[in-house]
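Asker: Below you'll find the structure I mean.
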Amino acid sequence: MRSAMLEAITLTTESAGPAAPALPVVWTSAQWVAYFRHNLAHLLPIPWERIAISPQEYDDVIASLRSWQIGETSDGSHLLRTAQRYAEKANDPAFVDAIKLFIGEEQRHGETLGRFLDSVSVPRKTRDWGELLFRTCRHALLRVESNASVIVMVEVHAMLYYAAVRRATSSPVLRQVCSQLLRDEVPHIRFQCERLAMLHRGRNRVFRAVTLGTHRAFFTTLTLAVWFGHGRTLRAGGLTFRRYWRNAWTQMGKAWRLMDPRTYSWPT
Ligand SMILES: [Fe+2]
Ligand SMILES: [Fe+2]
C-alpha cells in the first residue's frame, strides 16, 4: 500500500495522447493528508534493544547527531501560522491539515533521534548555532513560498546526511532510524516542491530566473555551512568534499525540476 502511494507520488500522470509524454499532476492537499496519515500508520519497526554502536562510530556521529536532533524539534508554530494565512487566501483549508501532519513527521524525527541519544546516555542539546540560524531564517520569512524554499534546501541536506550516517554505522538501531527518516524525507521534498510549483505557476521567465538565482545563493551558503558543521560525519559516511558538493547540487537540481511548473500538467 505504501509503495503504491509512493509510486503515485512520483508517477501520477494524466494521459496526454500517444505523441506527447505524460506529465505528472500535483497532488491536492487532501491527497497529501491521506498520504501522511497512511505513512504514520506504517512506520518501520526500530529494534531499540540493538544499539551496538562502536566507539569509533560514536565519535564520528554523536556530536553532529545532537545538532540534527535539535534541528528536527521545532514546534512548527510559525510554519503553521504562515500556512493558515495562505490556506485562507488560496481557499485550500486541507493544506493546513497537511502542514500539521508534515510538522508532526518532523517532530517524530526529532523524538526518534532524541530517543537514540537517550539510549546511549548522551544529553539532548538545548541550543545550537545551526538550528538558531535556520530558525532565524524561517521566522524572518512570512510567506509559504519562502518557508517551503528553505525547507526543501534543508531537506536535500538531510537526505545526504542521514544516508551518510547510515553508511557510517553498523548500529542496527541507528541504521533503521536513518532508513525511516530517509523514507519520510523523499515525500517531504515532493510535498514542498509541488506547492512551490503551484506558486511559481504563471510567473514570467525573468521572475523565475531571479527566484532561482536567490535559491542558488542560499543553497551555496547552506551547503558550505553543513560541511563546516558536519564534515566529520559526512566523511565517515564516505563523502569527500568534492563528492558531497556534487551530490548536493545534483539532488537540489532534482528538487528545482520538481518545483518548476513546467514539470506538471495542470487542469485547464
Ligand atoms: Fe526531518
Ligand atoms: Fe523533512
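Residues in the C-alpha cells are named by chain (A, B, ... in the order shown) and by number from 1 within that chain; ligands are numbered from 1 in the order shown.
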Enumerate as a tab-separated table (two decimals) with N, CA and C atoms, in the first residue's frame the residues within 8 Å of ligand 1, counting only C-alpha atoms and all ligand atoms.
Answerer:
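Everything below was put into result_39.tsv:
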```
chain	number	residue	atom	x	y	z
A	72	GLU	N	15.48	19.10	14.23
A	72	GLU	CA	14.22	18.41	13.84
A	72	GLU	C	13.12	18.63	14.88
A	105	GLU	N	5.51	14.88	11.43
A	105	GLU	CA	6.56	13.95	10.99
A	105	GLU	C	7.93	14.48	11.40
A	106	GLU	N	8.14	15.79	11.23
A	106	GLU	CA	9.44	16.36	11.62
A	106	GLU	C	9.66	16.22	13.12
A	107	GLN	N	8.59	16.43	13.90
A	107	GLN	CA	8.73	16.28	15.35
A	107	GLN	C	9.02	14.83	15.73
A	109	HIS	N	10.74	12.84	13.88
A	109	HIS	CA	12.17	12.67	13.61
A	109	HIS	C	12.99	13.13	14.81
A	110	GLY	N	12.63	14.31	15.33
A	110	GLY	CA	13.36	14.84	16.49
A	110	GLY	C	13.26	13.90	17.67
A	155	GLU	N	16.00	19.94	3.54
A	155	GLU	CA	15.63	18.52	3.36
A	155	GLU	C	16.63	17.81	2.44
A	158	ALA	N	19.38	16.99	4.52
A	158	ALA	CA	19.00	15.93	5.46
A	158	ALA	C	19.14	14.57	4.78
A	181	LEU	N	13.90	7.89	8.44
A	181	LEU	CA	13.97	9.32	8.13
A	181	LEU	C	14.09	9.54	6.62
A	184	ASP	N	10.85	9.12	4.87
A	184	ASP	CA	9.94	10.26	5.07
A	184	ASP	C	10.38	11.49	4.26
A	185	GLU	N	11.70	11.69	4.14
A	185	GLU	CA	12.17	12.95	3.56
A	185	GLU	C	11.91	13.05	2.05
```
Asker: Once you count only C-alpha atoms and all ligand atoms, which residues end up within 12 Å of ligand 2, and could you hand them over as a VMD selection string?
Answerer: chain A and resid 36 68 71 to 74 99 101 to 110 148 150 to 159 162 180 to 192
Asker: Those selected residues, please, written with N, CA and C atoms and delivered as a CSV table (one decimal), in the first residue's frame.
Answerer:
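Result file is part20.csv:
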```csv
chain,number,residue,atom,x,y,z
A,36,PHE,N,0.1,11.3,4.4
A,36,PHE,CA,0.8,11.4,5.7
A,36,PHE,C,0.1,10.5,6.8
A,68,TRP,N,21.5,17.8,14.7
A,68,TRP,CA,20.4,17.5,13.8
A,68,TRP,C,19.1,17.2,14.7
A,71,GLY,N,17.6,20.3,15.5
A,71,GLY,CA,17.1,20.9,14.3
A,71,GLY,C,15.7,20.3,13.8
A,72,GLU,N,15.5,19.1,14.2
A,72,GLU,CA,14.2,18.4,13.8
A,72,GLU,C,13.1,18.6,14.9
A,73,THR,N,13.4,19.5,15.9
A,73,THR,CA,12.5,19.5,17.0
A,73,THR,C,11.6,20.8,17.1
A,74,SER,N,11.6,21.6,16.1
A,74,SER,CA,10.8,22.8,16.1
A,74,SER,C,9.3,22.6,16.4
A,99,ILE,N,-0.1,20.5,6.5
A,99,ILE,CA,1.1,21.0,7.1
A,99,ILE,C,1.2,20.6,8.6
A,101,LEU,N,0.3,17.7,9.7
A,101,LEU,CA,0.9,16.3,9.6
A,101,LEU,C,2.4,16.3,9.2
A,102,PHE,N,2.7,17.2,8.4
A,102,PHE,CA,4.1,17.4,8.0
A,102,PHE,C,5.0,17.8,9.2
A,103,ILE,N,4.5,18.7,10.0
A,103,ILE,CA,5.2,19.2,11.2
A,103,ILE,C,5.3,18.0,12.2
A,104,GLY,N,4.2,17.2,12.3
A,104,GLY,CA,4.2,16.0,13.1
A,104,GLY,C,5.3,15.0,12.7
A,105,GLU,N,5.5,14.9,11.4
A,105,GLU,CA,6.6,14.0,11.0
A,105,GLU,C,7.9,14.5,11.4
A,106,GLU,N,8.1,15.8,11.2
A,106,GLU,CA,9.4,16.4,11.6
A,106,GLU,C,9.7,16.2,13.1
A,107,GLN,N,8.6,16.4,13.9
A,107,GLN,CA,8.7,16.3,15.3
A,107,GLN,C,9.0,14.8,15.7
A,108,ARG,N,8.4,13.9,15.0
A,108,ARG,CA,8.7,12.5,15.2
A,108,ARG,C,10.2,12.2,14.9
A,109,HIS,N,10.7,12.8,13.9
A,109,HIS,CA,12.2,12.7,13.6
A,109,HIS,C,13.0,13.1,14.8
A,110,GLY,N,12.6,14.3,15.3
A,110,GLY,CA,13.4,14.8,16.5
A,110,GLY,C,13.3,13.9,17.7
A,148,ALA,N,8.8,27.3,2.3
A,148,ALA,CA,9.0,26.0,1.6
A,148,ALA,C,10.3,25.9,0.9
A,150,VAL,N,13.2,27.3,1.8
A,150,VAL,CA,14.3,27.0,2.7
A,150,VAL,C,14.2,25.5,3.2
A,151,ILE,N,12.9,25.1,3.4
A,151,ILE,CA,12.7,23.7,3.9
A,151,ILE,C,13.3,22.7,2.9
A,152,VAL,N,13.0,22.9,1.6
A,152,VAL,CA,13.4,22.0,0.6
A,152,VAL,C,15.0,21.9,0.6
A,153,MET,N,15.6,23.0,0.7
A,153,MET,CA,17.1,23.0,0.7
A,153,MET,C,17.7,22.3,1.9
A,154,VAL,N,17.0,22.5,3.1
A,154,VAL,CA,17.5,21.7,4.3
A,154,VAL,C,17.2,20.2,4.1
A,155,GLU,N,16.0,19.9,3.5
A,155,GLU,CA,15.6,18.5,3.4
A,155,GLU,C,16.6,17.8,2.4
A,156,VAL,N,17.1,18.5,1.4
A,156,VAL,CA,18.1,17.9,0.5
A,156,VAL,C,19.3,17.5,1.3
A,157,HIS,N,19.7,18.4,2.2
A,157,HIS,CA,20.9,18.1,3.0
A,157,HIS,C,20.6,17.0,4.0
A,158,ALA,N,19.4,17.0,4.5
A,158,ALA,CA,19.0,15.9,5.5
A,158,ALA,C,19.1,14.6,4.8
A,159,MET,N,18.7,14.5,3.5
A,159,MET,CA,18.8,13.2,2.8
A,159,MET,C,20.3,12.8,2.7
A,162,TYR,N,21.6,11.8,6.4
A,162,TYR,CA,21.1,10.6,7.0
A,162,TYR,C,21.6,9.4,6.2
A,180,GLN,N,14.2,5.1,8.2
A,180,GLN,CA,12.8,5.7,8.4
A,180,GLN,C,12.9,7.2,8.0
A,181,LEU,N,13.9,7.9,8.4
A,181,LEU,CA,14.0,9.3,8.1
A,181,LEU,C,14.1,9.5,6.6
A,182,LEU,N,14.9,8.7,6.0
A,182,LEU,CA,15.1,8.8,4.5
A,182,LEU,C,13.7,8.5,3.8
A,183,ARG,N,13.0,7.5,4.3
A,183,ARG,CA,11.7,7.2,3.7
A,183,ARG,C,10.8,8.4,3.7
A,184,ASP,N,10.8,9.1,4.9
A,184,ASP,CA,9.9,10.3,5.1
A,184,ASP,C,10.4,11.5,4.3
A,185,GLU,N,11.7,11.7,4.1
A,185,GLU,CA,12.2,13.0,3.6
A,185,GLU,C,11.9,13.1,2.1
A,186,VAL,N,11.9,11.9,1.4
A,186,VAL,CA,11.7,12.0,-0.1
A,186,VAL,C,10.3,12.6,-0.4
A,187,PRO,N,9.2,12.1,0.2
A,187,PRO,CA,7.9,12.7,0.0
A,187,PRO,C,7.8,14.2,0.6
A,188,HIS,N,8.6,14.5,1.6
A,188,HIS,CA,8.6,15.8,2.1
A,188,HIS,C,9.1,16.8,1.0
A,189,ILE,N,10.1,16.4,0.4
A,189,ILE,CA,10.6,17.3,-0.7
A,189,ILE,C,9.6,17.4,-1.8
A,190,ARG,N,9.0,16.3,-2.1
A,190,ARG,CA,7.9,16.4,-3.2
A,190,ARG,C,6.7,17.3,-2.7
A,191,PHE,N,6.3,17.1,-1.5
A,191,PHE,CA,5.2,17.9,-0.9
A,191,PHE,C,5.5,19.4,-1.1
A,192,GLN,N,6.7,19.8,-0.6
A,192,GLN,CA,7.0,21.2,-0.6
A,192,GLN,C,7.2,21.7,-2.1
```
Asker: Could you check which of A:Ala248, A:Ala209, A:Ala168, A:Ala98 is closest to Thr223 of chain A, using only C-alpha atoms?
Answerer: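 Ranking A:Ala248, A:Ala209, A:Ala168, A:Ala98 by distance to Thr223 of chain A, first place goes to A:Ala248.
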Asker: As a PyMOL selection string, which residues of segment 168-205 of chain A does DSSP assign to helix (DSSP H, G or I)?
Answerer: chain A and resi 168+172-200+205
Asker: What are the closest atom pairs, with distances in Å to one decimal, for all residues of segment 59-152 of chain A lying within 12 Å of segment 236-241 of chain A? Consider only C-alpha atoms, order rows by chain and residue number, and present the result as CSV.
Answerer:
```
residue,atom,partner,partner_atom,distance
A:Asp59,CA,A:Ala236,CA,10.0
A:Asp60,CA,A:Ala236,CA,6.5
A:Val61,CA,A:Ala236,CA,8.1
A:Ile62,CA,A:Ala236,CA,11.8
A:Ser64,CA,A:Ala236,CA,11.7
```
Asker: Take the residues just selected and output them with C-alpha atoms as a PDB file, in the first residue's frame.
Answerer:
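Contents of out-v7.pdb, as written:
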```pdb
ATOM      1  CA  ASP A  59      32.893   9.655  17.910  1.00  0.00           C
ATOM      2  CA  ASP A  60      32.148  10.175  14.233  1.00  0.00           C
ATOM      3  CA  VAL A  61      28.428  10.808  14.533  1.00  0.00           C
ATOM      4  CA  ILE A  62      27.292  11.712  18.020  1.00  0.00           C
ATOM      5  CA  SER A  64      26.657  16.009  14.825  1.00  0.00           C
TER       6      SER A  64
END
```
Asker: For a quick check of understanding, using only C-alpha atoms, which of A:Thr82, A:Thr233, A:Thr112, A:Asp128 has the smallest distance to Arg143 of chain A?
Answerer: A:Thr82
Asker: Mind checking which residues fall within 9 Å of Arg50 of chain A, counting only C-alpha atoms, ignoring those fewer than 4 positions away in the same chain, and posting them as an NGL selection string?
Answerer: :A and (46 or 171-173)
Asker: Find the residue from A:Val165, A:Val96, A:Ala83, A:Leu65 that sits nearest to Leu117 of chain A; use only C-alpha atoms when measuring.
Answerer: A:Leu65
Asker: Identify, on the basis of only C-alpha atoms, every residue whose closest approach to Ile51 of chain A does not exceed 12 Å; exclude the query and any residue fewer than 5 positions from it along the same chain; express the result as a ChimeraX atom specification.
Answerer: /A:46,57-58,115-121,169-177
Asker: Atom CA of Pro47 of chain A to atom CA of Tyr35 of chain A: how many Å, to one decimal?
Answerer: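 Taking atom CA of Pro47 of chain A as the start and atom CA of Tyr35 of chain A as the end point, the length is 24.9 Å.
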